[in-house]
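Participant: You'll find work_36.cif just under this line, and it carries mmCIF, C-alpha atoms.
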```
data_my_file
loop_
_atom_site.label_atom_id
_atom_site.label_comp_id
_atom_site.auth_asym_id
_atom_site.auth_seq_id
_atom_site.Cartn_x
_atom_site.Cartn_y
_atom_site.Cartn_z
CA ASP A 1 0.00 0.00 0.00
CA GLN A 2 1.77 3.09 -1.28
CA GLN A 3 0.68 5.84 1.09
CA VAL A 4 2.78 8.50 -0.63
CA LYS A 5 2.79 8.57 -4.39
CA GLN A 6 4.78 10.49 -6.94
CA ASN A 7 3.09 9.53 -10.16
CA SER A 8 5.57 11.18 -12.50
CA PRO A 9 8.79 9.14 -12.67
CA SER A 10 10.55 11.93 -14.54
CA LEU A 11 10.28 15.57 -15.52
CA SER A 12 12.29 17.54 -18.05
CA VAL A 13 12.42 21.34 -17.88
CA GLN A 14 14.28 24.10 -19.67
CA GLU A 15 16.68 26.21 -17.61
CA GLY A 16 14.97 29.31 -16.27
CA ARG A 17 11.50 27.82 -16.40
CA ILE A 18 9.42 26.55 -13.53
CA SER A 19 9.66 22.94 -12.35
CA ILE A 20 6.56 21.54 -10.67
CA LEU A 21 6.88 18.25 -8.85
CA ASN A 22 3.74 16.61 -7.53
CA CYS A 23 2.98 14.26 -4.69
CA ASP A 24 -0.23 12.64 -3.45
CA TYR A 25 -0.89 10.90 -0.17
CA THR A 26 -3.65 8.73 1.17
CA ASN A 27 -3.11 8.67 4.94
CA SER A 28 -5.15 11.47 6.51
CA MET A 29 -3.03 11.18 9.66
CA PHE A 30 -0.02 12.70 7.89
CA ASP A 31 0.53 16.21 9.21
CA TYR A 32 4.09 17.07 8.19
CA PHE A 33 5.51 16.93 4.70
CA LEU A 34 9.03 17.27 3.38
CA TRP A 35 10.86 17.38 0.09
CA TYR A 36 14.31 15.89 -0.33
CA LYS A 37 16.77 16.03 -3.20
CA LYS A 38 18.96 13.02 -3.88
CA TYR A 39 21.90 12.28 -6.12
CA PRO A 40 22.87 8.68 -6.96
CA ALA A 41 24.84 6.91 -4.24
CA GLU A 42 24.26 9.77 -1.80
CA GLY A 43 21.85 10.35 1.05
CA PRO A 44 18.85 12.64 0.58
CA THR A 45 19.33 16.33 1.23
CA PHE A 46 16.54 18.22 2.95
CA LEU A 47 15.02 20.99 0.84
CA ILE A 48 11.85 22.31 2.39
CA SER A 49 8.98 21.21 4.59
CA ILE A 50 5.44 22.20 5.43
CA SER A 51 3.13 21.55 8.34
CA SER A 52 -0.49 20.69 7.76
CA ILE A 53 -1.54 23.94 9.42
CA LYS A 54 -0.12 25.82 6.45
CA ASP A 55 -0.86 25.70 2.76
CA LYS A 56 2.31 27.30 1.50
CA ASN A 57 5.93 27.57 2.51
CA GLU A 58 8.58 29.40 0.56
CA ASP A 59 12.36 29.29 0.77
CA GLY A 60 14.26 31.07 -1.97
CA ARG A 61 13.59 29.37 -5.29
CA PHE A 62 11.63 26.58 -3.63
CA THR A 63 7.96 26.76 -2.69
CA VAL A 64 5.86 23.92 -1.38
CA PHE A 65 2.08 24.01 -1.65
CA LEU A 66 -0.23 21.78 0.36
CA ASN A 67 -3.86 21.05 -0.51
CA LYS A 68 -5.18 19.04 2.40
CA SER A 69 -8.63 18.45 0.97
CA ALA A 70 -7.08 16.91 -2.14
CA LYS A 71 -4.27 15.24 -0.16
CA HIS A 72 -1.84 16.74 -2.60
CA LEU A 73 1.36 18.68 -2.34
CA SER A 74 3.66 20.14 -4.90
CA LEU A 75 7.15 21.58 -5.05
CA HIS A 76 7.79 24.54 -7.32
CA ILE A 77 11.32 25.47 -8.33
CA VAL A 78 11.66 28.87 -9.97
CA PRO A 79 13.82 29.50 -11.87
CA SER A 80 15.08 26.01 -12.56
CA GLN A 81 18.83 25.55 -12.89
CA PRO A 82 20.88 22.68 -14.36
CA GLY A 83 22.24 22.01 -10.86
CA ASP A 84 18.71 21.17 -9.75
CA SER A 85 18.87 17.99 -11.82
CA ALA A 86 18.44 15.14 -9.34
CA VAL A 87 15.85 12.77 -7.91
CA TYR A 88 13.26 14.50 -5.75
CA PHE A 89 11.45 12.62 -3.03
CA CYS A 90 8.44 13.79 -1.10
CA ALA A 91 7.97 12.37 2.36
CA ALA A 92 5.27 12.50 4.98
CA SER A 93 4.94 11.77 8.66
CA ALA A 94 2.21 11.64 11.27
CA HIS A 95 2.79 13.14 14.67
CA GLY A 96 -0.62 13.89 16.05
CA ALA A 97 -1.77 17.00 17.80
CA GLY A 98 1.02 18.63 19.75
CA GLY A 99 3.70 16.25 18.53
CA THR A 100 7.04 17.45 17.29
CA SER A 101 8.08 16.76 13.78
CA TYR A 102 10.46 13.86 14.07
CA GLY A 103 8.27 10.88 13.37
CA LYS A 104 8.82 8.12 10.89
CA LEU A 105 8.93 9.21 7.30
CA THR A 106 7.06 7.55 4.45
CA PHE A 107 8.66 8.33 1.10
CA GLY A 108 7.25 8.54 -2.38
CA GLN A 109 8.91 6.76 -5.27
CA GLY A 110 10.80 9.82 -6.41
CA THR A 111 10.76 11.95 -9.56
CA ILE A 112 13.85 12.40 -11.70
CA LEU A 113 14.16 16.08 -12.61
CA THR A 114 16.34 17.04 -15.55
CA VAL A 115 16.95 20.72 -16.21
CA HIS A 116 18.34 21.39 -19.67
CA PRO A 117 20.64 24.39 -20.30
CA GLY B 118 25.47 22.27 10.85
CA ALA B 119 23.35 19.10 11.09
CA VAL B 120 25.89 16.80 9.46
CA VAL B 121 25.41 13.05 9.55
CA SER B 122 28.18 10.66 8.55
CA GLN B 123 28.18 6.99 7.74
CA HIS B 124 31.04 4.53 7.73
CA PRO B 125 31.96 2.74 5.61
CA SER B 126 30.69 4.37 2.44
CA TRP B 127 30.85 1.04 0.67
CA VAL B 128 31.61 -2.53 1.62
CA ILE B 129 31.92 -5.83 -0.22
CA CYS B 130 31.69 -9.01 1.80
CA LYS B 131 31.29 -12.73 1.37
CA SER B 132 27.97 -14.43 1.97
CA GLY B 133 27.58 -15.52 5.58
CA THR B 134 29.69 -12.78 7.11
CA SER B 135 28.49 -9.91 9.26
CA VAL B 136 28.87 -6.26 8.40
CA LYS B 137 28.63 -3.29 10.74
CA ILE B 138 27.61 0.16 9.51
CA GLU B 139 28.04 3.23 11.70
CA CYS B 140 25.91 6.36 11.66
CA ARG B 141 27.11 9.45 13.48
CA SER B 142 25.61 12.88 14.03
CA LEU B 143 28.70 15.06 13.93
CA ASP B 144 27.54 18.38 15.32
CA PHE B 145 24.35 17.63 17.19
CA GLN B 146 22.85 15.07 19.52
CA ALA B 147 20.17 12.75 18.25
CA THR B 148 17.96 10.77 20.56
CA THR B 149 16.36 9.17 17.53
CA MET B 150 17.98 7.82 14.40
CA PHE B 151 16.38 5.94 11.55
CA TRP B 152 17.71 3.26 9.24
CA TYR B 153 16.49 3.01 5.64
CA ARG B 154 17.24 0.73 2.76
CA GLN B 155 16.99 1.63 -0.91
CA PHE B 156 17.03 -0.93 -3.69
CA PRO B 157 17.85 0.26 -7.23
CA LYS B 158 15.19 2.51 -8.74
CA GLN B 159 13.03 2.19 -5.66
CA SER B 160 12.11 4.49 -2.83
CA LEU B 161 13.70 4.62 0.59
CA MET B 162 12.10 2.05 2.86
CA LEU B 163 12.24 2.53 6.60
CA MET B 164 13.75 -0.48 8.34
CA ALA B 165 13.84 0.56 11.98
CA THR B 166 13.80 3.38 14.47
CA SER B 167 16.82 3.56 16.74
CA ASN B 168 16.33 5.15 20.14
CA GLU B 169 19.23 6.00 22.41
CA GLY B 170 19.23 3.80 25.48
CA SER B 171 16.41 1.51 24.41
CA LYS B 172 15.66 -1.22 21.94
CA ALA B 173 15.11 -0.38 18.32
CA THR B 174 11.65 -0.53 16.81
CA TYR B 175 11.53 -2.54 13.59
CA GLU B 176 9.14 -2.12 10.71
CA GLN B 177 6.96 -4.99 9.64
CA GLY B 178 8.86 -7.54 7.60
CA VAL B 179 12.30 -6.53 8.88
CA GLU B 180 14.05 -9.29 10.83
CA LYS B 181 15.38 -7.85 14.07
CA ASP B 182 17.74 -10.78 14.59
CA LYS B 183 19.28 -10.22 11.19
CA PHE B 184 19.57 -6.45 11.35
CA LEU B 185 20.96 -5.63 14.78
CA ILE B 186 20.73 -2.00 15.82
CA ASN B 187 22.57 -0.44 18.72
CA HIS B 188 22.15 3.21 19.65
CA ALA B 189 25.15 3.46 21.94
CA SER B 190 25.18 7.20 22.48
CA LEU B 191 23.40 10.38 21.46
CA THR B 192 25.67 10.65 18.42
CA LEU B 193 26.14 7.06 17.30
CA SER B 194 23.90 4.28 16.02
CA THR B 195 25.16 1.07 14.41
CA LEU B 196 23.45 -1.37 12.09
CA THR B 197 24.91 -4.86 11.88
CA VAL B 198 23.79 -7.07 9.03
CA THR B 199 24.36 -10.58 10.36
CA SER B 200 25.00 -13.57 8.12
CA ALA B 201 24.65 -11.41 5.05
CA HIS B 202 23.33 -12.89 1.83
CA PRO B 203 23.31 -11.52 -1.73
CA GLU B 204 19.70 -10.39 -1.35
CA ASP B 205 20.86 -8.05 1.44
CA SER B 206 22.90 -6.11 -1.11
CA SER B 207 21.46 -2.62 -1.05
CA PHE B 208 22.07 1.01 -0.22
CA TYR B 209 21.66 1.57 3.51
CA ILE B 210 20.98 5.11 4.71
CA CYS B 211 20.63 6.45 8.21
CA SER B 212 19.07 9.67 9.39
CA ALA B 213 19.19 11.59 12.62
CA VAL B 214 16.63 13.93 14.06
CA LEU B 215 17.73 17.39 15.11
CA ALA B 216 15.69 18.02 18.22
CA GLY B 217 13.43 21.02 17.95
CA ALA B 218 14.05 21.48 14.23
CA GLY B 219 11.63 18.82 13.14
CA THR B 220 13.73 17.53 10.30
CA GLN B 221 15.59 14.33 9.61
CA TYR B 222 19.10 14.78 8.29
CA PHE B 223 20.46 11.94 6.26
CA GLY B 224 23.84 10.34 6.07
CA PRO B 225 25.54 9.79 2.71
CA GLY B 226 24.61 6.11 2.66
CA THR B 227 26.52 2.82 2.62
CA ARG B 228 26.58 0.59 -0.43
CA LEU B 229 26.63 -3.05 0.67
CA THR B 230 27.45 -5.76 -1.85
CA VAL B 231 27.29 -9.36 -0.71
CA LEU B 232 29.01 -11.83 -2.98
#
```
Translate the structure of the given file into structure tokens.

Facilitator:
Amino acid sequence: DQQVKQNSPSLSVQEGRISILNCDYTNSMFDYFLWYKKYPAEGPTFLISISSIKDKNEDGRFTVFLNKSAKHLSLHIVPSQPGDSAVYFCAASAHGAGGTSYGKLTFGQGTILTVHP
Amino acid sequence: GAVVSQHPSWVICKSGTSVKIECRSLDFQATTMFWYRQFPKQSLMLMATSNEGSKATYEQGVEKDKFLINHASLTLSTLTVTSAHPEDSSFYICSAVLAGAGTQYFGPGTRLTVL
């Protein structure tokens, strides 16, 4: 049972344009969401996160949007750069009311982003 | 800050031997560390939660007697793959939780190849 799904295995974008990576989840208990960037044979690098009490979080070129009713989140990268080319994983965790955000993470399958010069 | 290291970065061993992988939080203390496994072209799958001073909590389907976890201190957790077999060949990644920050920081991973 895949509780976190990234339905697009790959995405190709021109440098300077916007990259939009999507993620859907099924577990309504998830209340904290994260995006990680990963290169082959390396560990994931944290990019940005969002709590379920928000619908948007922005950090530089990266913005994460959360639509709780649709159980959908997306990562926007603007403008995209060739160095952004990597595998992007979304992850979710459930901590309950008042819990801190260090629970177990459930990862999506990942989306390979390629940014062309 | 928030650097997590793993050692070794890669290891090749014969079937039947045991392999120990270390995970260290270099500049912060972590009461909780996680161990993941990633097979080629697949997602990261959580294997177990390592808690300092107590027994690890294993995910369903993960053999606790095969994958021994010891969280010896607030900066070190070890994963020992006992009696390794070729099907245990994978990329093992640990993460550590920075208290108060609400984020898991990942190590660089360890590539295990069992011949």

Participant: As an exercise, work out the distance from CA of Ala213 (chain B) to CA of Phe151 (chain B) in Å and give it to one decimal place.

Facilitator: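 Pair CA of Ala213 (chain B) / CA of Phe151 (chain B) returns 6.4 Å.
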
Participant: Residues of chain B that have any atom at most 9 Å from an atom of chain A: could you tabulate them with the shortest-distance atom pair and the distance in Å to one decimal, using only C-alpha atoms, ordered by chain and increasing number, as CSV?

Facilitator:
```
residue,atom,partner,partner_atom,distance
B:Thr149,CA,A:Tyr102,CA,8.3
B:Phe151,CA,A:Lys104,CA,7.9
B:Lys158,CA,A:Gln109,CA,8.3
B:Gln159,CA,A:Gln109,CA,6.2
B:Ser160,CA,A:Gln109,CA,4.6
B:Leu161,CA,A:Phe107,CA,6.3
B:Met162,CA,A:Phe107,CA,7.4
B:Leu163,CA,A:Leu105,CA,7.5
B:Thr166,CA,A:Lys104,CA,7.8
B:Phe208,CA,A:Ala41,CA,7.7
B:Ile210,CA,A:Gly43,CA,6.5
B:Cys211,CA,A:Gly43,CA,8.2
B:Ser212,CA,A:Gly43,CA,8.8
B:Val214,CA,A:Tyr102,CA,6.2
B:Leu215,CA,A:Tyr102,CA,8.1
B:Ala216,CA,A:Tyr102,CA,7.9
B:Gly217,CA,A:Thr100,CA,7.3
B:Ala218,CA,A:Ser101,CA,7.6
B:Gly219,CA,A:Ser101,CA,4.2
B:Thr220,CA,A:Tyr102,CA,6.2
B:Gln221,CA,A:Tyr102,CA,6.8
B:Tyr222,CA,A:Phe46,CA,6.8
B:Phe223,CA,A:Gly43,CA,5.6
B:Gly224,CA,A:Gly43,CA,5.4
B:Pro225,CA,A:Gly43,CA,4.1
B:Gly226,CA,A:Gly43,CA,5.3
B:Thr227,CA,A:Ala41,CA,8.2
B:Arg228,CA,A:Ala41,CA,7.6
```

Participant: Between CA of Lys181 (chain B) and CA of Val136 (chain B), what distance in Å does the model show, to one decimal?

Facilitator: 14.7 Å

Participant: Can you list, as a list in words, every protein, DNA or RNA residue that comes within 12 Å of Lys71 (chain A) when you count all atoms listed in the file, leaving out same-chain residues fewer than 4 positions away?

Facilitator: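 Neighbouring residues, sequence-local ones excluded: Gln3, Val4, Lys5, Asn22, Cys23, Asp24, Tyr25, Thr26, Asn27, Ser28, Met29, Phe30, Asp31, Tyr32, Phe33, Ser52, Asp55, Phe65, Leu66, Asn67 and Ala92 of chain A.
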
Participant: State, in Å with one decimal place, the distance from CA of Ser85 (chain A) to CA of Asp59 (chain A).

Facilitator: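 Spanning CA of Ser85 (chain A) to CA of Asp59 (chain A) is a straight-line distance of 18.1 Å.
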
Participant: Selection in question (the file shown): the PyMOL selection byres ((chain B and resi 130) around 9). Which residues does it include, as JSON, numbers by chain?

Facilitator: {"B": [128, 129, 131, 132, 133, 134, 135, 136, 201, 229, 230, 231, 232]}

Participant: Take region 139-218 of chain B from the block and save it with C-alpha atoms, as a compact mmCIF listing (two decimals), in the first residue's frame.

Facilitator:
```txt
# COMPACT_ATOMS: atom_id res chain seq x y z
CA GLU B 139 28.04 3.23 11.70
CA CYS B 140 25.91 6.36 11.66
CA ARG B 141 27.11 9.45 13.48
CA SER B 142 25.61 12.88 14.03
CA LEU B 143 28.70 15.06 13.93
CA ASP B 144 27.54 18.38 15.32
CA PHE B 145 24.35 17.63 17.19
CA GLN B 146 22.85 15.07 19.52
CA ALA B 147 20.17 12.75 18.25
CA THR B 148 17.96 10.77 20.56
CA THR B 149 16.36 9.17 17.53
CA MET B 150 17.98 7.82 14.40
CA PHE B 151 16.38 5.94 11.55
CA TRP B 152 17.71 3.26 9.24
CA TYR B 153 16.49 3.01 5.64
CA ARG B 154 17.24 0.73 2.76
CA GLN B 155 16.99 1.63 -0.91
CA PHE B 156 17.03 -0.93 -3.69
CA PRO B 157 17.85 0.26 -7.23
CA LYS B 158 15.19 2.51 -8.74
CA GLN B 159 13.03 2.19 -5.66
CA SER B 160 12.11 4.49 -2.83
CA LEU B 161 13.70 4.62 0.59
CA MET B 162 12.10 2.05 2.86
CA LEU B 163 12.24 2.53 6.60
CA MET B 164 13.75 -0.48 8.34
CA ALA B 165 13.84 0.56 11.98
CA THR B 166 13.80 3.38 14.47
CA SER B 167 16.82 3.56 16.74
CA ASN B 168 16.33 5.15 20.14
CA GLU B 169 19.23 6.00 22.41
CA GLY B 170 19.23 3.80 25.48
CA SER B 171 16.41 1.51 24.41
CA LYS B 172 15.66 -1.22 21.94
CA ALA B 173 15.11 -0.38 18.32
CA THR B 174 11.65 -0.53 16.81
CA TYR B 175 11.53 -2.54 13.59
CA GLU B 176 9.14 -2.12 10.71
CA GLN B 177 6.96 -4.99 9.64
CA GLY B 178 8.86 -7.54 7.60
CA VAL B 179 12.30 -6.53 8.88
CA GLU B 180 14.05 -9.29 10.83
CA LYS B 181 15.38 -7.85 14.07
CA ASP B 182 17.74 -10.78 14.59
CA LYS B 183 19.28 -10.22 11.19
CA PHE B 184 19.57 -6.45 11.35
CA LEU B 185 20.96 -5.63 14.78
CA ILE B 186 20.73 -2.00 15.82
CA ASN B 187 22.57 -0.44 18.72
CA HIS B 188 22.15 3.21 19.65
CA ALA B 189 25.15 3.46 21.94
CA SER B 190 25.18 7.20 22.48
CA LEU B 191 23.40 10.38 21.46
CA THR B 192 25.67 10.65 18.42
CA LEU B 193 26.14 7.06 17.30
CA SER B 194 23.90 4.28 16.02
CA THR B 195 25.16 1.07 14.41
CA LEU B 196 23.45 -1.37 12.09
CA THR B 197 24.91 -4.86 11.88
CA VAL B 198 23.79 -7.07 9.03
CA THR B 199 24.36 -10.58 10.36
CA SER B 200 25.00 -13.57 8.12
CA ALA B 201 24.65 -11.41 5.05
CA HIS B 202 23.33 -12.89 1.83
CA PRO B 203 23.31 -11.52 -1.73
CA GLU B 204 19.70 -10.39 -1.35
CA ASP B 205 20.86 -8.05 1.44
CA SER B 206 22.90 -6.11 -1.11
CA SER B 207 21.46 -2.62 -1.05
CA PHE B 208 22.07 1.01 -0.22
CA TYR B 209 21.66 1.57 3.51
CA ILE B 210 20.98 5.11 4.71
CA CYS B 211 20.63 6.45 8.21
CA SER B 212 19.07 9.67 9.39
CA ALA B 213 19.19 11.59 12.62
CA VAL B 214 16.63 13.93 14.06
CA LEU B 215 17.73 17.39 15.11
CA ALA B 216 15.69 18.02 18.22
CA GLY B 217 13.43 21.02 17.95
CA ALA B 218 14.05 21.48 14.23
```
